[in-house]
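See below for upload-v8.txt, which holds compact mmCIF, C-alpha atoms.
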```txt
# COMPACT_ATOMS: atom_id res chain seq x y z
CA MET M 1 30.27 -218.02 -15.22
CA ALA M 2 33.65 -216.32 -15.39
CA GLN M 3 35.33 -215.82 -12.04
CA ASN M 4 37.39 -212.92 -10.87
CA ARG M 5 40.07 -214.56 -8.69
CA LYS M 6 41.56 -211.30 -7.48
CA PHE M 7 38.19 -210.04 -6.35
CA GLN M 8 37.46 -213.31 -4.58
CA ASP M 9 40.79 -213.11 -2.75
CA PHE M 10 40.01 -209.56 -1.79
CA VAL M 11 36.69 -210.57 -0.28
CA GLU M 12 37.98 -213.71 1.43
CA THR M 13 40.77 -211.95 3.24
CA LYS M 14 38.23 -209.38 4.44
CA TYR M 15 40.70 -206.67 3.65
CA VAL M 16 39.72 -203.34 5.12
CA ALA M 17 41.99 -200.34 5.01
CA ALA M 18 42.94 -198.90 8.37
CA GLY M 19 40.44 -196.29 9.42
CA ALA M 20 38.05 -197.26 6.65
CA ILE M 21 35.18 -198.33 8.89
CA ALA M 22 33.01 -195.51 10.11
CA THR M 23 30.46 -195.65 12.90
CA ALA M 24 27.74 -195.53 10.28
CA ASP M 25 29.05 -198.83 8.85
CA LEU M 26 28.32 -200.69 12.08
CA ALA M 27 25.00 -202.34 12.63
CA ASP M 28 22.92 -200.84 15.43
CA ALA M 29 23.68 -202.32 18.86
CA SER M 30 26.57 -204.35 17.45
CA VAL M 31 29.33 -203.14 19.78
CA THR M 32 29.10 -205.36 22.85
CA SER M 33 30.81 -204.72 26.18
CA ALA M 34 33.37 -207.39 25.30
CA LYS M 35 34.47 -205.32 22.29
CA THR M 36 35.19 -202.12 24.15
CA ASP M 37 38.59 -201.49 25.69
CA PRO M 38 39.25 -202.67 29.27
CA LEU M 39 39.14 -199.15 30.67
CA GLN M 40 35.52 -198.70 29.64
CA ALA M 41 32.70 -199.66 31.99
CA LYS M 42 31.06 -202.95 31.03
CA TYR M 43 27.40 -203.80 31.26
CA LEU M 44 25.33 -206.91 31.84
CA SER M 45 21.57 -207.13 32.27
CA PHE M 46 19.96 -209.78 34.47
CA LEU M 47 16.31 -210.78 34.22
CA TYR M 48 13.84 -212.03 36.80
CA ASP M 49 10.58 -213.19 35.27
CA PHE M 50 8.00 -214.85 37.48
CA ALA M 51 6.47 -216.51 34.41
CA THR M 52 9.57 -218.63 33.89
CA GLN M 53 11.41 -218.63 37.21
CA GLY M 54 8.50 -218.72 39.63
CA GLY M 55 8.49 -216.95 42.97
CA ALA M 56 9.19 -219.66 45.53
CA VAL M 57 10.90 -218.74 48.77
CA SER M 58 14.48 -219.30 47.62
CA ALA M 59 17.52 -217.62 46.12
CA ILE M 60 16.64 -217.44 42.44
CA THR M 61 19.40 -217.15 39.85
CA LEU M 62 18.72 -214.42 37.32
CA THR M 63 19.41 -214.95 33.62
CA ASP M 64 20.34 -212.82 30.65
CA LEU M 65 17.48 -211.21 28.76
CA GLY M 66 17.13 -214.33 26.63
CA GLY M 67 16.71 -216.61 29.61
CA VAL M 68 20.22 -218.03 29.45
CA ALA M 69 22.47 -218.44 32.51
CA GLN M 70 24.85 -215.53 33.01
CA SER M 71 27.32 -214.44 35.69
CA VAL M 72 29.27 -211.36 36.63
CA PRO M 73 32.91 -212.07 35.65
CA GLY M 74 35.53 -212.71 38.30
CA ASN M 75 37.40 -209.67 39.66
CA ALA M 76 34.66 -207.36 38.41
CA VAL M 77 34.42 -204.08 40.26
CA ILE M 78 30.71 -203.41 40.36
CA ARG M 79 30.10 -199.68 40.34
CA ASN M 80 26.40 -199.30 39.74
CA ILE M 81 23.16 -201.27 39.76
CA THR M 82 19.97 -200.04 38.14
CA TYR M 83 16.67 -201.76 38.85
CA GLU M 84 14.15 -201.59 36.01
CA VAL M 85 10.67 -202.84 36.82
CA LEU M 86 8.63 -204.35 33.99
CA GLU M 87 5.89 -205.75 36.22
CA ALA M 88 5.75 -204.88 39.90
CA PRO M 89 6.34 -207.86 42.18
CA ALA M 90 3.23 -209.22 43.89
CA SER M 91 2.65 -211.56 46.82
CA SER M 92 -0.27 -212.81 48.85
CA GLY M 93 1.93 -212.65 51.95
CA SER M 94 4.65 -210.45 53.31
CA ALA M 95 7.33 -211.44 50.82
CA THR M 96 10.68 -209.75 50.94
CA ILE M 97 13.25 -209.58 48.16
CA ALA M 98 17.00 -209.21 48.55
CA LEU M 99 19.27 -208.60 45.57
CA GLY M 100 22.85 -209.74 45.38
CA LEU M 101 25.25 -212.48 44.42
CA VAL M 102 25.99 -216.05 45.34
CA GLY M 103 27.75 -215.81 48.70
CA ASN M 104 26.47 -212.30 49.31
CA VAL M 105 22.70 -212.34 48.85
CA ASP M 106 22.18 -208.71 49.85
CA ALA M 107 25.18 -207.19 48.11
CA PHE M 108 22.89 -204.88 46.13
CA LYS M 109 19.75 -204.61 48.27
CA ALA M 110 18.96 -205.93 51.74
CA ALA M 111 15.72 -207.87 52.20
CA THR M 112 12.96 -205.37 51.50
CA ALA M 113 9.18 -205.71 51.20
CA PHE M 114 8.07 -206.62 47.68
CA ASP M 115 5.80 -203.57 47.52
CA ASN M 116 8.42 -201.10 48.68
CA ALA M 117 9.01 -198.16 46.34
CA ALA M 118 12.45 -199.60 45.60
CA TYR M 119 10.73 -202.44 43.73
CA THR M 120 7.73 -200.72 42.24
CA ALA M 121 9.68 -198.11 40.26
CA ALA M 122 13.15 -197.71 38.83
CA SER M 123 15.79 -197.49 41.54
CA HIS M 124 19.48 -197.71 42.30
CA PRO M 125 20.12 -200.56 44.75
CA HIS M 126 23.52 -199.92 46.29
CA ASN M 127 23.81 -201.72 49.62
CA GLU M 128 27.51 -202.68 49.28
CA VAL M 129 28.20 -201.08 45.89
CA PRO M 130 30.90 -200.32 44.83
CA LEU M 131 32.02 -203.87 45.35
CA LYS M 132 34.84 -205.98 43.98
CA ILE M 133 34.04 -209.66 43.64
CA GLY M 134 36.49 -212.55 43.97
CA PRO M 135 38.37 -214.29 41.17
CA GLY M 136 35.47 -216.54 40.16
CA PRO M 137 32.38 -215.46 38.20
CA LEU M 138 29.22 -215.12 40.30
CA PRO M 139 25.54 -215.52 39.42
CA VAL M 140 23.16 -212.71 40.39
CA LEU M 141 20.35 -213.62 42.77
CA ALA M 142 16.94 -212.41 43.82
CA THR M 143 16.34 -213.96 47.22
CA VAL M 144 12.68 -214.28 48.16
CA ALA M 145 11.88 -214.79 51.85
CA THR M 146 8.92 -214.94 54.26
CA ALA M 147 6.34 -215.63 51.50
CA ALA M 148 6.37 -216.51 47.82
CA LEU M 149 5.97 -214.02 45.02
CA THR M 150 2.95 -214.42 42.77
CA ALA M 151 4.03 -212.09 39.97
CA GLY M 152 6.83 -209.80 38.92
CA LYS M 153 9.31 -209.09 36.20
CA PHE M 154 12.36 -206.89 36.48
CA ILE M 155 15.84 -206.33 35.11
CA LEU M 156 18.99 -205.55 37.03
CA HIS M 157 21.42 -203.59 34.90
CA VAL M 158 24.89 -204.23 36.31
CA GLU M 159 27.67 -201.80 35.46
CA TYR M 160 31.23 -202.83 36.28
CA TYR M 161 34.91 -202.43 35.48
CA GLU M 162 37.16 -205.33 34.62
CA GLY M 163 39.18 -205.51 37.82
CA GLN M 164 42.64 -206.98 38.14
CA ALA M 165 43.43 -210.35 39.71
CA MET Q 1 27.52 -225.19 42.26
CA ASP Q 2 25.32 -227.30 44.53
CA GLU Q 3 25.94 -225.60 47.83
CA TRP Q 4 27.41 -222.35 49.04
CA THR Q 5 27.63 -220.32 52.21
CA ASP Q 6 26.50 -216.74 52.42
CA LYS Q 7 28.73 -214.13 54.03
CA ASN Q 8 26.65 -214.34 57.23
CA GLY Q 9 27.05 -218.10 57.51
CA ASP Q 10 23.69 -219.16 56.07
CA VAL Q 11 24.02 -222.25 53.90
CA TYR Q 12 22.11 -222.57 50.64
CA LYS Q 13 21.61 -225.79 48.67
CA LEU Q 14 20.55 -226.26 45.08
CA ASP Q 15 16.82 -226.92 44.79
CA THR Q 16 16.71 -230.15 42.83
CA ASP Q 17 12.93 -229.84 42.50
CA ALA Q 18 13.12 -226.56 40.61
CA PRO Q 19 11.50 -226.54 37.16
CA GLU Q 20 13.78 -227.30 34.24
CA GLY Q 21 15.91 -224.31 33.32
CA VAL Q 22 15.43 -222.63 36.71
CA VAL Q 23 18.39 -222.50 39.07
CA ARG Q 24 17.45 -221.65 42.62
CA TYR Q 25 18.82 -222.37 46.06
CA LEU Q 26 17.03 -223.17 49.30
CA LEU Q 27 18.20 -221.98 52.68
CA SER Q 28 19.29 -225.22 54.33
CA SER Q 29 20.70 -223.91 57.58
CA LYS Q 30 20.74 -220.56 59.28
CA ALA Q 31 23.89 -219.18 60.75
CA LYS Q 32 24.09 -219.46 64.52
CA LYS Q 33 23.72 -216.14 66.25
CA PRO Q 34 26.51 -215.30 68.64
CA LYS Q 35 25.53 -215.62 72.28
CA LYS Q 36 24.92 -212.37 74.05
CA ALA Q 37 27.37 -211.51 76.71
CA SER Q 38 26.04 -212.11 80.20
CA THR Q 39 24.91 -209.00 82.01
CA LYS Q 40 25.17 -210.65 85.42
CA LYS Q 41 27.68 -209.00 87.65
CA LYS Q 42 30.24 -211.17 89.21
CA ALA Q 43 29.97 -211.38 92.98
```
Please rewrite the model in this file as structure tokens.
Amino acid sequence: MAQNRKFQDFVETKYVAAGAIATADLADASVTSAKTDPLQAKYLSFLYDFATQGGAVSAITLTDLGGVAQSVPGNAVIRNITYEVLEAPASSGSATIALGLVGNVDAFKAATAFDNAAYTAASHPHNEVPLKIGPGPLPVLATVATAALTAGKFILHVEYYEGQA
Amino acid sequence: MDEWTDKNGDVYKLDTDAPEGVVRYLLSSKAKKPKKASTKKKA
């Protein structure tokens, strides 16, 4: 088969004229927080799923939506937390849940009964928010106390700015 | 991170018995509460 060297070079260098890419050329949901400029708010979503993480009395590290470990970056200025319930937490006892970070377990929500309205519907936990974290990245925690959870699935949507060191 | 201290002084340790893929911490020691000031009046 005859080859067109110039065309191959064109493709391999991924040449794109300035301003040639339109929004319509981007795949849906392809612009991640990391690709927006530093002045834009960034977003991370953290998952608690009883089916995989259990509900033992403990400080449970939340994951990304795929079940992979994830942390809020160092120096982040957290400006908003949104709680999205997928399955209301359940317990056979008087379980409480606090939401926060390693080193500050109730940064987002102080220990509150599992069946409180804050956990059975969408809410805005904001205990110490806005909040700037230290230089190191921090995992997000759901801290279960008093009794274990027996069900529950929720997402914490964390909105933050990239703070300065 | 195997151990860390919460802002209130509570110490948490990694739960080594957690199922694979689950990272959770157990409260290993509670912070000591400050003693209340004595209400007794000095003679």
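Closest approach to chain M among Q:Thr39, Q:Val23, Q:Lys32, Q:Met1 is made by Q:Val23 (distances from only C-alpha atoms).
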Please find the residues of chain Q near chain M - the criterion being any atom within 7 Å, counting all atoms listed in the file - and write them as a short mmCIF file (atom, residue, chain, number, x, y, z; two decimals) with C-alpha atoms, keeping the file's coordinate frame.
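Result file out28.cif:
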```
data_model
loop_
_atom_site.label_atom_id
_atom_site.label_comp_id
_atom_site.auth_asym_id
_atom_site.auth_seq_id
_atom_site.Cartn_x
_atom_site.Cartn_y
_atom_site.Cartn_z
CA TRP Q 4 27.41 -222.35 49.04
CA THR Q 5 27.63 -220.32 52.21
CA ASP Q 6 26.50 -216.74 52.42
CA LYS Q 7 28.73 -214.13 54.03
CA VAL Q 22 15.43 -222.63 36.71
CA VAL Q 23 18.39 -222.50 39.07
CA ARG Q 24 17.45 -221.65 42.62
CA TYR Q 25 18.82 -222.37 46.06
CA LEU Q 26 17.03 -223.17 49.30
CA LEU Q 27 18.20 -221.98 52.68
#
```
Just how far from CA of Asp28 in chain M is CA of Ile78 in chain M, in Å to one decimal?
-> 26.2 Å
6 Å contact set for Val77 in chain M, only C-alpha atoms, chain neighbours under 2 positions out, as a PyMOL selection string | chain M and resi 131-132+160-161+163
Those selected residues, please, written with C-alpha atoms and delivered as a short mmCIF file (atom, residue, chain, number, x, y, z; two decimals), keeping the file's coordinate frame.
```
data_model
loop_
_atom_site.label_atom_id
_atom_site.label_comp_id
_atom_site.auth_asym_id
_atom_site.auth_seq_id
_atom_site.Cartn_x
_atom_site.Cartn_y
_atom_site.Cartn_z
CA LEU M 131 32.02 -203.87 45.35
CA LYS M 132 34.84 -205.98 43.98
CA TYR M 160 31.23 -202.83 36.28
CA TYR M 161 34.91 -202.43 35.48
CA GLY M 163 39.18 -205.51 37.82
#
```
Polymer residues at most 9 Å from Asn80 in chain M, all atoms listed in the file, same-chain spacing of 2 or more positions, as an NGL selection string = :M and (78 or 82 or 124-126 or 129-130 or 157-160)
Pairwise distance for CA of Thr120 in chain M and CA of Thr32 in chain M, rounded to one decimal in Å = 29.2 Å
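From CA of Gln70 in chain M back to CA of Asp115 in chain M, the distance works out to 26.8 Å.
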From the set M:Ala165, M:Ile81, M:Ala76, M:Ala88, which residue has the shortest atom-to-atom contact distance to Pro137 in chain M, counting all atoms listed in the file?
-> M:Ala76
Quick one: residues within 12 Å of Ala118 in chain M, all atoms listed in the file counted, chain neighbours fewer than 2 positions away excluded, as a ChimeraX atom specification?
-> /M:82-85,88-89,96-99,108-116,120-126,154
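Of the residues listed (M:Leu138, M:Leu149, M:Val16, M:Ile155), M:Leu149 shows the shortest atom-to-atom separation from Ser94 in chain M; distances use only C-alpha atoms.
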Centre and size of axis-aligned box enclosing range 5-10 of chain Q plus 4 Å each side, as AutoDock Vina command-line options:
```
--center_x 26.2 --center_y -217.2 --center_z 54.9 --size_x 13.0 --size_y 14.2 --size_z 13.3
```
Proximity to Leu47 in chain M - best of M:Leu86, M:Pro73, M:Ala147, M:Thr23, all atoms listed in the file | M:Leu86
Pull range 7-155 of chain M out of the block and emit C-alpha atoms, as a PDB file, in the first residue's frame.
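Output saved as part-v9.pdb:
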```pdb
ATOM      1  CA  PHE M   7       0.010  12.989   6.026  1.00  0.00           C
ATOM      2  CA  GLN M   8       1.576  10.588   8.511  1.00  0.00           C
ATOM      3  CA  ASP M   9       3.799  13.362   9.860  1.00  0.00           C
ATOM      4  CA  PHE M  10       0.784  15.596  10.142  1.00  0.00           C
ATOM      5  CA  VAL M  11      -1.074  13.032  12.205  1.00  0.00           C
ATOM      6  CA  GLU M  12       1.895  12.046  14.368  1.00  0.00           C
ATOM      7  CA  THR M  13       2.678  15.573  15.434  1.00  0.00           C
ATOM      8  CA  LYS M  14      -0.994  15.994  16.361  1.00  0.00           C
ATOM      9  CA  TYR M  15      -0.940  19.377  14.744  1.00  0.00           C
ATOM     10  CA  VAL M  16      -3.978  21.442  15.596  1.00  0.00           C
ATOM     11  CA  ALA M  17      -4.306  25.050  14.604  1.00  0.00           C
ATOM     12  CA  ALA M  18      -4.748  27.486  17.453  1.00  0.00           C
ATOM     13  CA  GLY M  19      -8.409  27.927  18.218  1.00  0.00           C
ATOM     14  CA  ALA M  20      -9.374  25.015  16.009  1.00  0.00           C
ATOM     15  CA  ILE M  21     -10.899  22.866  18.739  1.00  0.00           C
ATOM     16  CA  ALA M  22     -14.471  23.719  19.597  1.00  0.00           C
ATOM     17  CA  THR M  23     -16.410  22.579  22.631  1.00  0.00           C
ATOM     18  CA  ALA M  24     -18.363  20.255  20.374  1.00  0.00           C
ATOM     19  CA  ASP M  25     -15.099  18.443  19.520  1.00  0.00           C
ATOM     20  CA  LEU M  26     -14.572  17.382  23.128  1.00  0.00           C
ATOM     21  CA  ALA M  27     -15.949  14.132  24.401  1.00  0.00           C
ATOM     22  CA  ASP M  28     -18.646  14.471  27.044  1.00  0.00           C
ATOM     23  CA  ALA M  29     -17.276  14.720  30.597  1.00  0.00           C
ATOM     24  CA  SER M  30     -13.703  14.864  29.310  1.00  0.00           C
ATOM     25  CA  VAL M  31     -12.604  18.093  30.998  1.00  0.00           C
ATOM     26  CA  THR M  32     -11.455  17.076  34.470  1.00  0.00           C
ATOM     27  CA  SER M  33     -10.796  19.435  37.375  1.00  0.00           C
ATOM     28  CA  ALA M  34      -7.068  19.029  36.771  1.00  0.00           C
ATOM     29  CA  LYS M  35      -7.468  20.533  33.291  1.00  0.00           C
ATOM     30  CA  THR M  36      -9.188  23.723  34.345  1.00  0.00           C
ATOM     31  CA  ASP M  37      -7.178  26.779  35.316  1.00  0.00           C
ATOM     32  CA  PRO M  38      -6.098  27.208  38.961  1.00  0.00           C
ATOM     33  CA  LEU M  39      -8.618  29.965  39.602  1.00  0.00           C
ATOM     34  CA  GLN M  40     -11.540  27.645  38.933  1.00  0.00           C
ATOM     35  CA  ALA M  41     -13.114  25.638  41.738  1.00  0.00           C
ATOM     36  CA  LYS M  42     -12.060  21.988  41.688  1.00  0.00           C
ATOM     37  CA  TYR M  43     -14.213  19.010  42.519  1.00  0.00           C
ATOM     38  CA  LEU M  44     -13.691  15.555  43.965  1.00  0.00           C
ATOM     39  CA  SER M  45     -16.344  13.012  44.868  1.00  0.00           C
ATOM     40  CA  PHE M  46     -15.880  10.565  47.746  1.00  0.00           C
ATOM     41  CA  LEU M  47     -17.893   7.379  48.130  1.00  0.00           C
ATOM     42  CA  TYR M  48     -19.029   5.452  51.189  1.00  0.00           C
ATOM     43  CA  ASP M  49     -20.570   2.106  50.327  1.00  0.00           C
ATOM     44  CA  PHE M  50     -21.492  -0.272  53.121  1.00  0.00           C
ATOM     45  CA  ALA M  51     -21.341  -3.176  50.664  1.00  0.00           C
ATOM     46  CA  THR M  52     -17.600  -2.754  50.235  1.00  0.00           C
ATOM     47  CA  GLN M  53     -16.420  -0.765  53.241  1.00  0.00           C
ATOM     48  CA  GLY M  54     -18.641  -2.187  55.954  1.00  0.00           C
ATOM     49  CA  GLY M  55     -20.020  -0.171  58.825  1.00  0.00           C
ATOM     50  CA  ALA M  56     -17.821  -1.032  61.799  1.00  0.00           C
ATOM     51  CA  VAL M  57     -17.351   1.507  64.556  1.00  0.00           C
ATOM     52  CA  SER M  58     -14.269   3.212  63.139  1.00  0.00           C
ATOM     53  CA  ALA M  59     -13.061   6.074  60.974  1.00  0.00           C
ATOM     54  CA  ILE M  60     -13.631   4.764  57.463  1.00  0.00           C
ATOM     55  CA  THR M  61     -11.647   6.196  54.566  1.00  0.00           C
ATOM     56  CA  LEU M  62     -13.843   7.102  51.622  1.00  0.00           C
ATOM     57  CA  THR M  63     -12.774   6.326  48.056  1.00  0.00           C
ATOM     58  CA  ASP M  64     -13.350   7.767  44.623  1.00  0.00           C
ATOM     59  CA  LEU M  65     -16.443   6.575  42.787  1.00  0.00           C
ATOM     60  CA  GLY M  66     -14.487   3.635  41.403  1.00  0.00           C
ATOM     61  CA  GLY M  67     -13.436   2.421  44.829  1.00  0.00           C
ATOM     62  CA  VAL M  68      -9.873   3.703  44.557  1.00  0.00           C
ATOM     63  CA  ALA M  69      -8.107   5.609  47.347  1.00  0.00           C
ATOM     64  CA  GLN M  70      -8.325   9.375  46.952  1.00  0.00           C
ATOM     65  CA  SER M  71      -7.378  12.415  49.035  1.00  0.00           C
ATOM     66  CA  VAL M  72      -8.054  16.121  49.078  1.00  0.00           C
ATOM     67  CA  PRO M  73      -4.836  17.799  47.852  1.00  0.00           C
ATOM     68  CA  GLY M  74      -2.613  19.696  50.252  1.00  0.00           C
ATOM     69  CA  ASN M  75      -3.341  23.410  50.728  1.00  0.00           C
ATOM     70  CA  ALA M  76      -6.850  22.946  49.353  1.00  0.00           C
ATOM     71  CA  VAL M  77      -9.332  25.558  50.490  1.00  0.00           C
ATOM     72  CA  ILE M  78     -12.533  23.598  50.883  1.00  0.00           C
ATOM     73  CA  ARG M  79     -15.476  25.844  50.163  1.00  0.00           C
ATOM     74  CA  ASN M  80     -18.439  23.523  49.929  1.00  0.00           C
ATOM     75  CA  ILE M  81     -19.513  19.980  50.737  1.00  0.00           C
ATOM     76  CA  THR M  82     -22.607  18.363  49.281  1.00  0.00           C
ATOM     77  CA  TYR M  83     -23.934  15.114  50.712  1.00  0.00           C
ATOM     78  CA  GLU M  84     -25.754  12.904  48.218  1.00  0.00           C
ATOM     79  CA  VAL M  85     -27.536   9.898  49.666  1.00  0.00           C
ATOM     80  CA  LEU M  86     -27.876   6.817  47.474  1.00  0.00           C
ATOM     81  CA  GLU M  87     -29.082   4.513  50.247  1.00  0.00           C
ATOM     82  CA  ALA M  88     -29.979   5.897  53.651  1.00  0.00           C
ATOM     83  CA  PRO M  89     -27.661   4.700  56.423  1.00  0.00           C
ATOM     84  CA  ALA M  90     -29.148   2.060  58.734  1.00  0.00           C
ATOM     85  CA  SER M  91     -28.163   0.695  62.126  1.00  0.00           C
ATOM     86  CA  SER M  92     -29.595  -1.659  64.700  1.00  0.00           C
ATOM     87  CA  GLY M  93     -28.250   0.629  67.417  1.00  0.00           C
ATOM     88  CA  SER M  94     -27.787   4.317  67.971  1.00  0.00           C
ATOM     89  CA  ALA M  95     -25.003   4.806  65.441  1.00  0.00           C
ATOM     90  CA  THR M  96     -23.665   8.257  64.812  1.00  0.00           C
ATOM     91  CA  ILE M  97     -21.722   9.441  61.783  1.00  0.00           C
ATOM     92  CA  ALA M  98     -19.227  12.285  61.648  1.00  0.00           C
ATOM     93  CA  LEU M  99     -17.790  13.524  58.361  1.00  0.00           C
ATOM     94  CA  GLY M 100     -14.364  15.047  57.997  1.00  0.00           C
ATOM     95  CA  LEU M 101     -10.702  14.470  57.349  1.00  0.00           C
ATOM     96  CA  VAL M 102      -7.809  12.623  58.903  1.00  0.00           C
ATOM     97  CA  GLY M 103      -6.853  14.743  61.907  1.00  0.00           C
ATOM     98  CA  ASN M 104     -10.193  16.537  61.920  1.00  0.00           C
ATOM     99  CA  VAL M 105     -12.924  13.904  61.920  1.00  0.00           C
ATOM    100  CA  ASP M 106     -15.796  16.372  62.193  1.00  0.00           C
ATOM    101  CA  ALA M 107     -14.504  19.044  59.836  1.00  0.00           C
ATOM    102  CA  PHE M 108     -17.647  18.707  57.708  1.00  0.00           C
ATOM    103  CA  LYS M 109     -20.263  17.317  60.093  1.00  0.00           C
ATOM    104  CA  ALA M 110     -20.148  16.659  63.830  1.00  0.00           C
ATOM    105  CA  ALA M 111     -21.266  13.234  65.055  1.00  0.00           C
ATOM    106  CA  THR M 112     -24.955  13.022  64.182  1.00  0.00           C
ATOM    107  CA  ALA M 113     -27.497  10.201  64.398  1.00  0.00           C
ATOM    108  CA  PHE M 114     -27.518   8.000  61.302  1.00  0.00           C
ATOM    109  CA  ASP M 115     -31.240   8.632  60.782  1.00  0.00           C
ATOM    110  CA  ASN M 116     -31.020  12.401  61.087  1.00  0.00           C
ATOM    111  CA  ALA M 117     -32.427  14.332  58.129  1.00  0.00           C
ATOM    112  CA  ALA M 118     -28.874  15.425  57.313  1.00  0.00           C
ATOM    113  CA  TYR M 119     -28.138  11.824  56.292  1.00  0.00           C
ATOM    114  CA  THR M 120     -31.433  10.712  54.829  1.00  0.00           C
ATOM    115  CA  ALA M 121     -31.632  13.408  52.142  1.00  0.00           C
ATOM    116  CA  ALA M 122     -29.254  15.661  50.260  1.00  0.00           C
ATOM    117  CA  SER M 123     -27.596  18.194  52.539  1.00  0.00           C
ATOM    118  CA  HIS M 124     -24.757  20.659  52.896  1.00  0.00           C
ATOM    119  CA  PRO M 125     -22.511  19.626  55.790  1.00  0.00           C
ATOM    120  CA  HIS M 126     -20.509  22.692  56.750  1.00  0.00           C
ATOM    121  CA  ASN M 127     -19.265  22.374  60.331  1.00  0.00           C
ATOM    122  CA  GLU M 128     -15.872  24.066  59.764  1.00  0.00           C
ATOM    123  CA  VAL M 129     -16.253  24.874  56.061  1.00  0.00           C
ATOM    124  CA  PRO M 130     -14.705  26.965  54.560  1.00  0.00           C
ATOM    125  CA  LEU M 131     -11.525  25.302  55.675  1.00  0.00           C
ATOM    126  CA  LYS M 132      -7.946  25.347  54.455  1.00  0.00           C
ATOM    127  CA  ILE M 133      -6.047  22.114  54.978  1.00  0.00           C
ATOM    128  CA  GLY M 134      -2.322  21.762  55.611  1.00  0.00           C
ATOM    129  CA  PRO M 135       0.390  21.117  53.040  1.00  0.00           C
ATOM    130  CA  GLY M 136      -0.187  17.364  52.860  1.00  0.00           C
ATOM    131  CA  PRO M 137      -3.087  15.626  51.098  1.00  0.00           C
ATOM    132  CA  LEU M 138      -5.766  14.260  53.434  1.00  0.00           C
ATOM    133  CA  PRO M 139      -8.175  11.335  53.095  1.00  0.00           C
ATOM    134  CA  VAL M 140     -11.873  11.982  53.725  1.00  0.00           C
ATOM    135  CA  LEU M 141     -13.472  10.016  56.560  1.00  0.00           C
ATOM    136  CA  ALA M 142     -16.857   8.865  57.719  1.00  0.00           C
ATOM    137  CA  THR M 143     -16.446   8.153  61.417  1.00  0.00           C
ATOM    138  CA  VAL M 144     -18.996   5.713  62.826  1.00  0.00           C
ATOM    139  CA  ALA M 145     -19.448   5.674  66.606  1.00  0.00           C
ATOM    140  CA  THR M 146     -21.666   4.168  69.325  1.00  0.00           C
ATOM    141  CA  ALA M 147     -22.962   1.330  67.091  1.00  0.00           C
ATOM    142  CA  ALA M 148     -22.145  -0.130  63.699  1.00  0.00           C
ATOM    143  CA  LEU M 149     -23.961   0.731  60.499  1.00  0.00           C
ATOM    144  CA  THR M 150     -25.801  -2.086  58.760  1.00  0.00           C
ATOM    145  CA  ALA M 151     -26.413  -0.359  55.430  1.00  0.00           C
ATOM    146  CA  GLY M 152     -25.823   2.878  53.598  1.00  0.00           C
ATOM    147  CA  LYS M 153     -24.318   4.401  50.520  1.00  0.00           C
ATOM    148  CA  PHE M 154     -23.547   8.052  49.981  1.00  0.00           C
ATOM    149  CA  ILE M 155     -21.276  10.438  48.133  1.00  0.00           C
TER     150      ILE M 155
END
```
